[in-house]
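One structure below.
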Amino acid sequence: MESRARFRFLGRLKPLPAAAKSGAVEYLFYGSPAIKDSIEALGVPHTEVDLIIVDGRSVDLSYRLQDSDRIDIFPFGCSPSIEPLQHLSPPLQADPSFVLDVHLGKLARRLRMLGFDCRYRNDYSDPQLIELALDEGRIILTRDRGVLKHSRVRQGYLIGSSRAEEQVREVLVRYRLHGQIRALRRCPQCNGLLEAVEKEKVLHRLQPKTALYYDSFQRCRDCDQLYWQGTHYEKIGRWVQQLLNESATRG
């Protein structure tokens with residue numbers, strides 16, 4: 001016999017279900033399917049869900065749908081005023097690391113500039129993303145919700161914006177990373193850590209004007225790329241300060 005439930009998606013989840021209007025959708029089903037499967041059938045990966053409230057009661061992803069259920073789905077950071085709550089998002093990590101899909105190269109570079117450990121290649125397959133995330137305890141960042149629906153995925157975030165600067169803000173807010181920004185400690189090209197190097201040891205690699213005007217240099221431990229405090233350094237400093245100011249304003 002056909003049954004129906006009413007799903008309401010809150011916060012950033014509101015526009016994800018293709019069939020939803022104003023975040024709400026009537027869902028038809030047979031039997032008693034797991035709510036996880038129903039949520040993902042509506043287009044929302046389980047990694048995006050922090051709270052599930054069924055008729056005023058907090059449940060987890062194993063809950064089985066019943067006829068006439070009224071369900072509210074909340075993302076991380078958006079909670080109703082009821083108790084007790086079963087939060088489904090993993091606890092925030094003190095020093096999180098990420099793996100990014102092939103569409104997020106600019107985001108990977110910017111997060112590395114802020115000091116965050118980001119694995120990225122422009123030819124990672126979906127299975128490779130998942131294996132790296134599982135093997136190294138990394139959070140998947142992707143614009144492909146299909147990756148995050150995989151049953152093996154435990155931690156991931158669906159990037160909403162197509163603009164790299166907004167993508168950075170999304171990740172910083174979602175994982176509360178403003179206080180962990182350590183700019184210019186990683187190589188934006190390969191993710192390796194930077195270390196100070198004496199000018200004399202790299203003098204043969206410098207252009208004449210660079211050798212004349214700059215004295216402090218860093219070198220990537222992995223790819224040997226050189227960095228110095230050129231005009232880009234001040235630009236990055238202003239960008240970081242803007243991000244910190246936005247965090248302070250947001251409270």
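How things are named: the first chain in the structure tokens is A, the next is B, and so on; residues count from 1 in each chain; ligands count from 1 in the order shown.
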Against stretch 38-60 of chain A, which residues of stretch 64-142 of chain A fall within 8 Å? For each one I want the closest pair of atoms and the distance in Å (one decimal), counting only C-alpha atoms, rows by chain and increasing residue number, as a tab-separated table.
```
residue	atom	partner	partner_atom	distance
A:Asp69	CA	A:Val54	CA	6.5
A:Arg70	CA	A:Asp55	CA	5.4
A:Ile71	CA	A:Val54	CA	4.5
A:Asp72	CA	A:Ile53	CA	5.1
A:Ile73	CA	A:Ile52	CA	4.9
A:Phe74	CA	A:Leu51	CA	5.0
A:Pro75	CA	A:Val49	CA	4.9
A:Phe76	CA	A:Asp50	CA	5.0
A:Ser79	CA	A:Leu51	CA	7.4
A:Ile82	CA	A:Gly56	CA	7.8
A:Pro84	CA	A:Ser58	CA	7.0
A:Leu85	CA	A:Ser58	CA	5.4
A:Gln86	CA	A:Ser58	CA	5.8
A:His87	CA	A:Asp50	CA	5.3
A:Leu88	CA	A:Asp50	CA	4.6
A:Ser89	CA	A:Asp50	CA	5.0
```
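Residue nearest A:Leu184, chosen from A:Glu170, A:Glu2, A:Asp144, A:Asp117 and counting only C-alpha atoms: A:Asp117.
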Using only C-alpha atoms, I'd like a table of the residues in stretch 169-207 of chain A that come within 10 Å of stretch 100-107 of chain A; for each, show the closest atom pair and its distance in Å rounded to one decimal, ordered by chain and ascending number, as JSON lines.
```
{"residue": "A:Val171", "atom": "CA", "partner": "A:Leu107", "partner_atom": "CA", "distance": 9.5}
{"residue": "A:Pro188", "atom": "CA", "partner": "A:Lys106", "partner_atom": "CA", "distance": 9.6}
{"residue": "A:Gln189", "atom": "CA", "partner": "A:Gly105", "partner_atom": "CA", "distance": 9.9}
```
Write out the residues from the selection above, keeping N, CA and C atoms, as a PDB file, in the first residue's frame.
```pdb
ATOM      1  N   VAL A 171      33.718  26.848   3.416  1.00  0.00           N
ATOM      2  CA  VAL A 171      34.493  25.850   4.154  1.00  0.00           C
ATOM      3  C   VAL A 171      34.924  26.390   5.513  1.00  0.00           C
ATOM      4  N   PRO A 188      51.029  26.353  -2.367  1.00  0.00           N
ATOM      5  CA  PRO A 188      49.738  26.296  -3.040  1.00  0.00           C
ATOM      6  C   PRO A 188      49.732  25.346  -4.238  1.00  0.00           C
ATOM      7  N   GLN A 189      50.918  25.034  -4.758  1.00  0.00           N
ATOM      8  CA  GLN A 189      50.995  24.162  -5.926  1.00  0.00           C
ATOM      9  C   GLN A 189      50.850  22.687  -5.568  1.00  0.00           C
TER      10      GLN A 189
END
```
*Determine which residues of stretch 145-191 of chain A receive a DSSP assignment of helix (DSSP H, G or I), computed from the backbone, and state them as an MDAnalysis selection string.*
chainID A and resid 145:148 164:174 178:180
